[in-house]
Amino acid sequence: MAQQTDRNTSVLRSIDWITIFLYLALLVFGWISVCGASYTYGDTDIFSLDTRSGMQIVWIGTSICLGFVILMLDDRFYDTFSYIIYAALLLLLFITIFNPHQIKGSRSWLVLGPIRLQPAEFAKFATALALAKFMSTYGYSIHKLKDAVITFAIILVPMLFIVLQRETGSALVYVSFLLMFYREGMPGSVLFTGVAAVIYFVVGIRYEDVMLLSTPTSVGKFVVLLLIQVFTSGMIYVYCRNRKAAWLSVIYCVGATIFALLFSLFVIPFDIVWVQLFIGVAFICWILWQGLGTRLKKYYFIALFSIGSTLFFYSADYVLNHVMEPHQRVRINVLLGLDEDLAGAGYNVHQSEIAIGSGGLEGKGFLNGTQTKLKFVPEQDTDFIFCTVGEEEGFLGSAGVLLLFLALILRLIHLAERQPFHFGRIYGYSVVSIFLFHVFINVGMVLGLTPVIGIPLPFFSYGGSSLWGFTFLLFIFLRIDASRKLVRN
């Protein structure tokens, strides 16, 4: 039974109207951008259902109706039926794998007559609900092996199904849940390991074929192996509180590497990497010895970090050249500056950068963009919608849109922190993580700062599945937050 502390409080009065306002503002600016990106010279009616701008109005209207329906449901519905919703979406994802209809090489769409739905967009909120349900159970701890395995399985299963649909970009969105895990007590070392892996990959691949001074040593391998040793020493400093050992390990590793470099430069040229690998093996043995002597398990985890970092680095090149699809490999090479390919894989980003740059400070005005009107930018009303904002609204308009997204994310963090129960807070931070990932990757992709992985910009990219999916994600949280003052008996 539920009792309200304020009986006059209704859902519509307790809902966070600031978030609703931000949602509506983003919908309006999103429609303006879709209209600008899809408009063709000579069009007389931008509201016609035969145009993409007209259809986007339909998606916006249905999204608002869906949001209202979500708010009218009892908040306990989402807690009670979390696993059922998750299982239903998993079934849809599995069925979609065998979908005979391919759209741009992807099997991620279910085609039901004139209606096309992308289950991957709805699986995000279903996965967030399942995670919130499981992680809020009594006795749960992310530090328990059994709980951690089940938690990651909840994420990995939909990821696997989406990858099998040839939608790698949508699958990568699920990595964003790591931010929620960090808020819920995941060790910072896990997040640090992820950041370190990105550094290893970027530096190692980007400078693999660059030689260090006049030695036959790859700059990429040299820098990464040195970073592994420095990062490992830093972990000894932070987690084992052994400052003396940490500083001595840095001095020995860096000193031995510099000595090998000088020997290679002035005596006998050789590949310094072999010396670094020997130093790394000796360093790991010393860490394991410290673990045996002090009986601190943290030393073993640090040794595992060092070993894993080295194995990851040497496997990254193999994955890039033998596991990834050719178009994915080319996109990464273009991003890292290894290839230019302005007529191929780099074409989208190059044209997008031209469109954004041509907008200047104030932009060219609504429906006056030349790059977008002449269709130079592929997917300019979906994945590359932000370039339309940059061209027509300029720097000021782009900054305004980003400030709106920032305000939404900060507001959602505030709402998540004020939740009285774990379920609401976990789901709230899942919503924050997904929105943050989408905005960061999509805008970075358009600006050439992140790989082109094809994910939509929330409330801006054209399409019903995307808009409905984000509406479900947001309004379920608003409904949960609206009941925060209820006292459950």
# chains A, B, ... in the order shown; residues from 1 in each chain; ligands from 1

$ select_by_dssp --residues "stretch 53-272 of chain A" --states "helix (DSSP H, G or I)" --output "MDAnalysis selection string"
chainID A and resid 53:72 76:80 82:97 119:135 145:164 168:183 188:206 219:239 243:266

$ residues_around --residues "stretch 462-479 of chain A" --least-positions-apart "6" --cutoff "9 Å" --atoms "only C-alpha atoms" --output "PyMOL selection string"
chain A and resi 11+15-16+19-20+23+30-31+34+52-53+55-56+58-60+62-64+66-68+70-75+78+116-126+128+381-383+385+412+415-416+424+427-428+431+435+456

$ write_last_selection --atoms "C-alpha atoms" --output "PDB file, in the first residue's frame"
ATOM      1  CA  VAL A  11       2.055  13.030 -10.837  1.00  0.00           C
ATOM      2  CA  ILE A  15       7.046  15.753 -12.159  1.00  0.00           C
ATOM      3  CA  ASP A  16      10.239  17.670 -12.915  1.00  0.00           C
ATOM      4  CA  THR A  19      13.459  18.390 -17.618  1.00  0.00           C
ATOM      5  CA  ILE A  20      10.189  18.464 -19.584  1.00  0.00           C
ATOM      6  CA  TYR A  23      12.994  17.854 -23.646  1.00  0.00           C
ATOM      7  CA  GLY A  30      15.698  18.917 -33.525  1.00  0.00           C
ATOM      8  CA  TRP A  31      12.758  19.400 -35.897  1.00  0.00           C
ATOM      9  CA  VAL A  34      15.727  17.891 -39.662  1.00  0.00           C
ATOM     10  CA  ARG A  52      10.944  13.952 -43.828  1.00  0.00           C
ATOM     11  CA  SER A  53      10.304  17.164 -41.890  1.00  0.00           C
ATOM     12  CA  MET A  55       7.044  12.854 -40.871  1.00  0.00           C
ATOM     13  CA  GLN A  56       9.296  14.041 -38.045  1.00  0.00           C
ATOM     14  CA  VAL A  58       4.402  12.782 -36.584  1.00  0.00           C
ATOM     15  CA  TRP A  59       7.240  11.103 -34.651  1.00  0.00           C
ATOM     16  CA  ILE A  60       7.434  14.080 -32.283  1.00  0.00           C
ATOM     17  CA  THR A  62       3.570  10.328 -31.011  1.00  0.00           C
ATOM     18  CA  SER A  63       6.601  10.646 -28.717  1.00  0.00           C
ATOM     19  CA  ILE A  64       4.850  13.273 -26.607  1.00  0.00           C
ATOM     20  CA  LEU A  66       3.956   8.074 -25.378  1.00  0.00           C
ATOM     21  CA  GLY A  67       5.591  10.232 -22.731  1.00  0.00           C
ATOM     22  CA  PHE A  68       2.177  11.150 -21.328  1.00  0.00           C
ATOM     23  CA  ILE A  70       4.353   6.544 -19.429  1.00  0.00           C
ATOM     24  CA  LEU A  71       3.686   9.211 -16.808  1.00  0.00           C
ATOM     25  CA  MET A  72       0.161   7.911 -16.216  1.00  0.00           C
ATOM     26  CA  LEU A  73       1.322   4.382 -15.388  1.00  0.00           C
ATOM     27  CA  ASP A  74       2.101   3.439 -11.795  1.00  0.00           C
ATOM     28  CA  ASP A  75       5.807   3.812 -11.090  1.00  0.00           C
ATOM     29  CA  TYR A  78       8.579  -0.498 -14.232  1.00  0.00           C
ATOM     30  CA  ARG A 116       9.947  -0.033 -39.623  1.00  0.00           C
ATOM     31  CA  LEU A 117      11.166  -0.451 -36.051  1.00  0.00           C
ATOM     32  CA  GLN A 118      14.694  -0.812 -34.712  1.00  0.00           C
ATOM     33  CA  PRO A 119      14.538  -2.934 -31.524  1.00  0.00           C
ATOM     34  CA  ALA A 120      18.087  -1.925 -30.578  1.00  0.00           C
ATOM     35  CA  GLU A 121      16.815   1.586 -29.765  1.00  0.00           C
ATOM     36  CA  PHE A 122      14.275   0.216 -27.274  1.00  0.00           C
ATOM     37  CA  ALA A 123      16.649  -2.370 -25.785  1.00  0.00           C
ATOM     38  CA  LYS A 124      18.563   0.459 -24.085  1.00  0.00           C
ATOM     39  CA  PHE A 125      15.817   1.363 -21.634  1.00  0.00           C
ATOM     40  CA  ALA A 126      14.949  -2.327 -21.161  1.00  0.00           C
ATOM     41  CA  ALA A 128      18.682  -0.116 -17.917  1.00  0.00           C
ATOM     42  CA  ASP A 381      19.462  14.320 -41.292  1.00  0.00           C
ATOM     43  CA  THR A 382      20.331  11.264 -39.182  1.00  0.00           C
ATOM     44  CA  ASP A 383      23.852  10.497 -37.968  1.00  0.00           C
ATOM     45  CA  ILE A 385      22.466  16.061 -38.212  1.00  0.00           C
ATOM     46  CA  LEU A 412      19.314  14.200 -14.743  1.00  0.00           C
ATOM     47  CA  LEU A 415      17.375  13.871 -10.195  1.00  0.00           C
ATOM     48  CA  ALA A 416      19.344  10.647  -9.888  1.00  0.00           C
ATOM     49  CA  GLY A 424      15.635   4.920  -9.165  1.00  0.00           C
ATOM     50  CA  TYR A 427      18.169   3.684 -13.563  1.00  0.00           C
ATOM     51  CA  GLY A 428      18.755   7.449 -13.473  1.00  0.00           C
ATOM     52  CA  VAL A 431      19.907   7.256 -18.486  1.00  0.00           C
ATOM     53  CA  PHE A 435      22.618  10.301 -23.188  1.00  0.00           C
ATOM     54  CA  PRO A 456      21.910   9.132 -33.540  1.00  0.00           C
TER      55      PRO A 456
END

$ residues_around --residues "A:Leu288" --least-positions-apart "5" --cutoff "9 Å" --atoms "only C-alpha atoms" --output "PyMOL selection string"
chain A and resi 283+293+299-300+302-303

$ residues_around --residues "A:Glu362" --least-positions-apart "4" --cutoff "6 Å" --atoms "only C-alpha atoms" --output "list of chain:residue names"
A:Glu393, A:Gly394, A:Leu396

$ write_last_selection --atoms "N, CA and C atoms" --output "compact mmCIF listing (two decimals), in the first residue's frame"
# COMPACT_ATOMS: atom_id res chain seq x y z
N GLU A 393 22.96 27.53 -38.08
CA GLU A 393 22.90 28.32 -36.85
C GLU A 393 24.26 28.82 -36.39
N GLY A 394 25.34 28.34 -37.01
CA GLY A 394 26.67 28.82 -36.70
C GLY A 394 27.19 28.35 -35.34
N LEU A 396 27.23 29.99 -32.55
CA LEU A 396 26.33 30.34 -31.45
C LEU A 396 25.21 29.33 -31.31

$ atom_distance --atom1 "atom CA of A:Tyr83" --atom2 "atom CA of A:Ile409"
26.3 Å

$ closest_residue --among "A:Ser352, A:Gln419, A:Gln229, A:Thr294" --to "A:Val446" --atoms "only C-alpha atoms"
A:Ser352

$ closest_residue --among "A:Ala37, A:Val198, A:Met180, A:Val267" --to "A:Ala355" --atoms "only C-alpha atoms"
A:Ala37

$ closest_residue --among "A:Leu436, A:Leu265, A:Leu89, A:Cys35" --to "A:Leu212" --atoms "only C-alpha atoms"
A:Leu265

$ closest_residue --among "A:Ile115, A:Val224, A:Ile332, A:Ile57" --to "A:Val452" --atoms "only C-alpha atoms"
A:Ile332

$ atom_distance --atom1 "atom CA of A:Phe405" --atom2 "atom CA of A:Leu179"
17.5 Å

$ residues_around --residues "A:Ser176" --least-positions-apart "6" --cutoff "12 Å" --atoms "only C-alpha atoms" --output "list in words"
Lys124, Thr127, Ala128, Ile155, Met159, Ser170, Tyr182, Leu191, Gly194, Tyr429, Ser430, Val431, Val432, Ser433, Ile434, Phe435, Leu436, Phe437, His438, Val439, Phe440 and Ile441 of chain A

$ residues_around --residues "A:Thr217" --least-positions-apart "6" --cutoff "8 Å" --atoms "only C-alpha atoms" --output "PyMOL selection string"
chain A and resi 211+270-273

$ select_by_dssp --residues "stretch 14-158 of chain A" --states "strand (DSSP E or B)" --output "list in words"
Ile103, Ser106, Leu110, Val111, Leu112, Ile115, Arg116 and Leu117 of chain A

$ closest_residue --among "A:Val190, A:Ala132, A:Ala25, A:Leu404" --to "A:Met235" --atoms "only C-alpha atoms"
A:Val190

$ closest_residue --among "A:Glu379, A:Asp481, A:Asp79, A:Glu391" --to "A:His414" --atoms "only C-alpha atoms"
A:Asp481

$ residues_around --residues "A:Tyr252" --least-positions-apart "3" --cutoff "12 Å" --atoms "only C-alpha atoms" --output "MDAnalysis selection string"
chainID A and resid 226 229:230 233 245:249 255:259 276 279:280 282:283

$ write_last_selection --atoms "N, CA and C atoms" --output "short mmCIF file (atom, residue, chain, number, x, y, z; two decimals), in the first residue's frame"
data_model
loop_
_atom_site.label_atom_id
_atom_site.label_comp_id
_atom_site.auth_asym_id
_atom_site.auth_seq_id
_atom_site.Cartn_x
_atom_site.Cartn_y
_atom_site.Cartn_z
N LEU A 226 56.54 1.97 -22.19
CA LEU A 226 56.98 2.84 -21.11
C LEU A 226 55.79 3.32 -20.27
N GLN A 229 54.65 0.64 -17.78
CA GLN A 229 55.49 0.58 -16.59
C GLN A 229 55.22 1.75 -15.64
N VAL A 230 55.00 2.95 -16.22
CA VAL A 230 54.71 4.12 -15.38
C VAL A 230 53.34 3.98 -14.72
N SER A 233 53.53 1.51 -11.89
CA SER A 233 54.15 2.12 -10.71
C SER A 233 53.17 3.04 -9.99
N ALA A 245 58.62 2.19 -3.04
CA ALA A 245 58.72 1.18 -4.10
C ALA A 245 58.24 1.75 -5.43
N ALA A 246 57.18 2.57 -5.39
CA ALA A 246 56.64 3.14 -6.62
C ALA A 246 57.66 4.06 -7.28
N TRP A 247 58.26 4.95 -6.50
CA TRP A 247 59.24 5.87 -7.06
C TRP A 247 60.49 5.13 -7.55
N LEU A 248 60.94 4.15 -6.80
CA LEU A 248 62.11 3.39 -7.23
C LEU A 248 61.84 2.62 -8.52
N SER A 249 60.64 2.05 -8.66
CA SER A 249 60.32 1.32 -9.88
C SER A 249 60.29 2.25 -11.09
N GLY A 255 65.14 4.74 -16.12
CA GLY A 255 66.60 4.81 -16.23
C GLY A 255 67.15 3.75 -17.14
N ALA A 256 66.69 2.49 -16.98
CA ALA A 256 67.16 1.40 -17.83
C ALA A 256 66.76 1.62 -19.29
N THR A 257 65.58 2.19 -19.51
CA THR A 257 65.13 2.46 -20.88
C THR A 257 65.97 3.54 -21.53
N ILE A 258 66.29 4.60 -20.77
CA ILE A 258 67.12 5.68 -21.32
C ILE A 258 68.53 5.17 -21.63
N PHE A 259 69.05 4.32 -20.73
CA PHE A 259 70.37 3.75 -20.97
C PHE A 259 70.37 2.93 -22.27
N GLN A 276 62.77 -3.24 -23.20
CA GLN A 276 61.58 -2.85 -22.44
C GLN A 276 60.75 -4.08 -22.03
N ILE A 279 62.50 -5.63 -19.14
CA ILE A 279 62.26 -4.83 -17.94
C ILE A 279 60.85 -5.10 -17.40
N GLY A 280 59.88 -5.19 -18.33
CA GLY A 280 58.51 -5.45 -17.93
C GLY A 280 58.33 -6.79 -17.23
N ALA A 282 60.70 -8.48 -15.64
CA ALA A 282 61.37 -8.39 -14.35
C ALA A 282 60.52 -7.60 -13.35
N PHE A 283 59.87 -6.54 -13.85
CA PHE A 283 59.01 -5.71 -12.99
C PHE A 283 57.83 -6.53 -12.47
#

$ atom_distance --atom1 "atom CA of A:Ser264" --atom2 "atom CA of A:Leu213"
10.1 Å

$ decode --residues "stretch 144-158 of chain A" --atoms "N, CA, C and O atoms" --output "mmCIF file, in the first residue's frame"
data_model
loop_
_atom_site.group_PDB
_atom_site.id
_atom_site.type_symbol
_atom_site.label_atom_id
_atom_site.label_comp_id
_atom_site.auth_asym_id
_atom_site.auth_seq_id
_atom_site.Cartn_x
_atom_site.Cartn_y
_atom_site.Cartn_z
ATOM 1 N N LYS A 144 31.085 -8.726 -5.515
ATOM 2 C CA LYS A 144 30.900 -10.173 -5.489
ATOM 3 C C LYS A 144 31.000 -10.731 -6.906
ATOM 4 O O LYS A 144 30.373 -10.196 -7.820
ATOM 5 N N LEU A 145 31.765 -11.783 -7.068
ATOM 6 C CA LEU A 145 31.998 -12.333 -8.399
ATOM 7 C C LEU A 145 30.692 -12.742 -9.074
ATOM 8 O O LEU A 145 30.460 -12.422 -10.250
ATOM 9 N N LYS A 146 29.820 -13.436 -8.339
ATOM 10 C CA LYS A 146 28.556 -13.902 -8.924
ATOM 11 C C LYS A 146 27.698 -12.726 -9.382
ATOM 12 O O LYS A 146 27.157 -12.739 -10.505
ATOM 13 N N ASP A 147 27.579 -11.706 -8.540
ATOM 14 C CA ASP A 147 26.772 -10.539 -8.895
ATOM 15 C C ASP A 147 27.374 -9.802 -10.089
ATOM 16 O O ASP A 147 26.653 -9.343 -10.990
ATOM 17 N N ALA A 148 28.705 -9.676 -10.098
ATOM 18 C CA ALA A 148 29.372 -8.977 -11.202
ATOM 19 C C ALA A 148 29.172 -9.714 -12.524
ATOM 20 O O ALA A 148 28.919 -9.096 -13.568
ATOM 21 N N VAL A 149 29.262 -11.045 -12.499
ATOM 22 C CA VAL A 149 29.092 -11.842 -13.720
ATOM 23 C C VAL A 149 27.683 -11.669 -14.283
ATOM 24 O O VAL A 149 27.493 -11.455 -15.489
ATOM 25 N N ILE A 150 26.669 -11.752 -13.418
ATOM 26 C CA ILE A 150 25.284 -11.600 -13.879
ATOM 27 C C ILE A 150 25.044 -10.184 -14.398
ATOM 28 O O ILE A 150 24.376 -9.982 -15.424
ATOM 29 N N THR A 151 25.610 -9.198 -13.709
ATOM 30 C CA THR A 151 25.444 -7.807 -14.127
ATOM 31 C C THR A 151 25.986 -7.590 -15.526
ATOM 32 O O THR A 151 25.315 -7.001 -16.390
ATOM 33 N N PHE A 152 27.204 -8.056 -15.760
ATOM 34 C CA PHE A 152 27.800 -7.867 -17.090
ATOM 35 C C PHE A 152 27.107 -8.722 -18.140
ATOM 36 O O PHE A 152 27.050 -8.352 -19.314
ATOM 37 N N ALA A 153 26.541 -9.857 -17.737
ATOM 38 C CA ALA A 153 25.803 -10.699 -18.687
ATOM 39 C C ALA A 153 24.548 -9.972 -19.170
ATOM 40 O O ALA A 153 24.166 -10.092 -20.348
ATOM 41 N N ILE A 154 23.896 -9.221 -18.279
ATOM 42 C CA ILE A 154 22.704 -8.456 -18.657
ATOM 43 C C ILE A 154 23.032 -7.472 -19.775
ATOM 44 O O ILE A 154 22.206 -7.212 -20.664
ATOM 45 N N ILE A 155 24.247 -6.955 -19.761
ATOM 46 C CA ILE A 155 24.681 -6.009 -20.794
ATOM 47 C C ILE A 155 25.186 -6.722 -22.042
ATOM 48 O O ILE A 155 24.878 -6.334 -23.179
ATOM 49 N N LEU A 156 25.944 -7.784 -21.863
ATOM 50 C CA LEU A 156 26.610 -8.437 -22.986
ATOM 51 C C LEU A 156 25.645 -9.177 -23.907
ATOM 52 O O LEU A 156 25.897 -9.255 -25.118
ATOM 53 N N VAL A 157 24.561 -9.728 -23.369
ATOM 54 C CA VAL A 157 23.622 -10.481 -24.218
ATOM 55 C C VAL A 157 23.000 -9.583 -25.291
ATOM 56 O O VAL A 157 23.055 -9.916 -26.489
ATOM 57 N N PRO A 158 22.389 -8.431 -24.938
ATOM 58 C CA PRO A 158 21.870 -7.565 -26.011
ATOM 59 C C PRO A 158 22.972 -7.038 -26.925
ATOM 60 O O PRO A 158 22.748 -6.868 -28.130
#
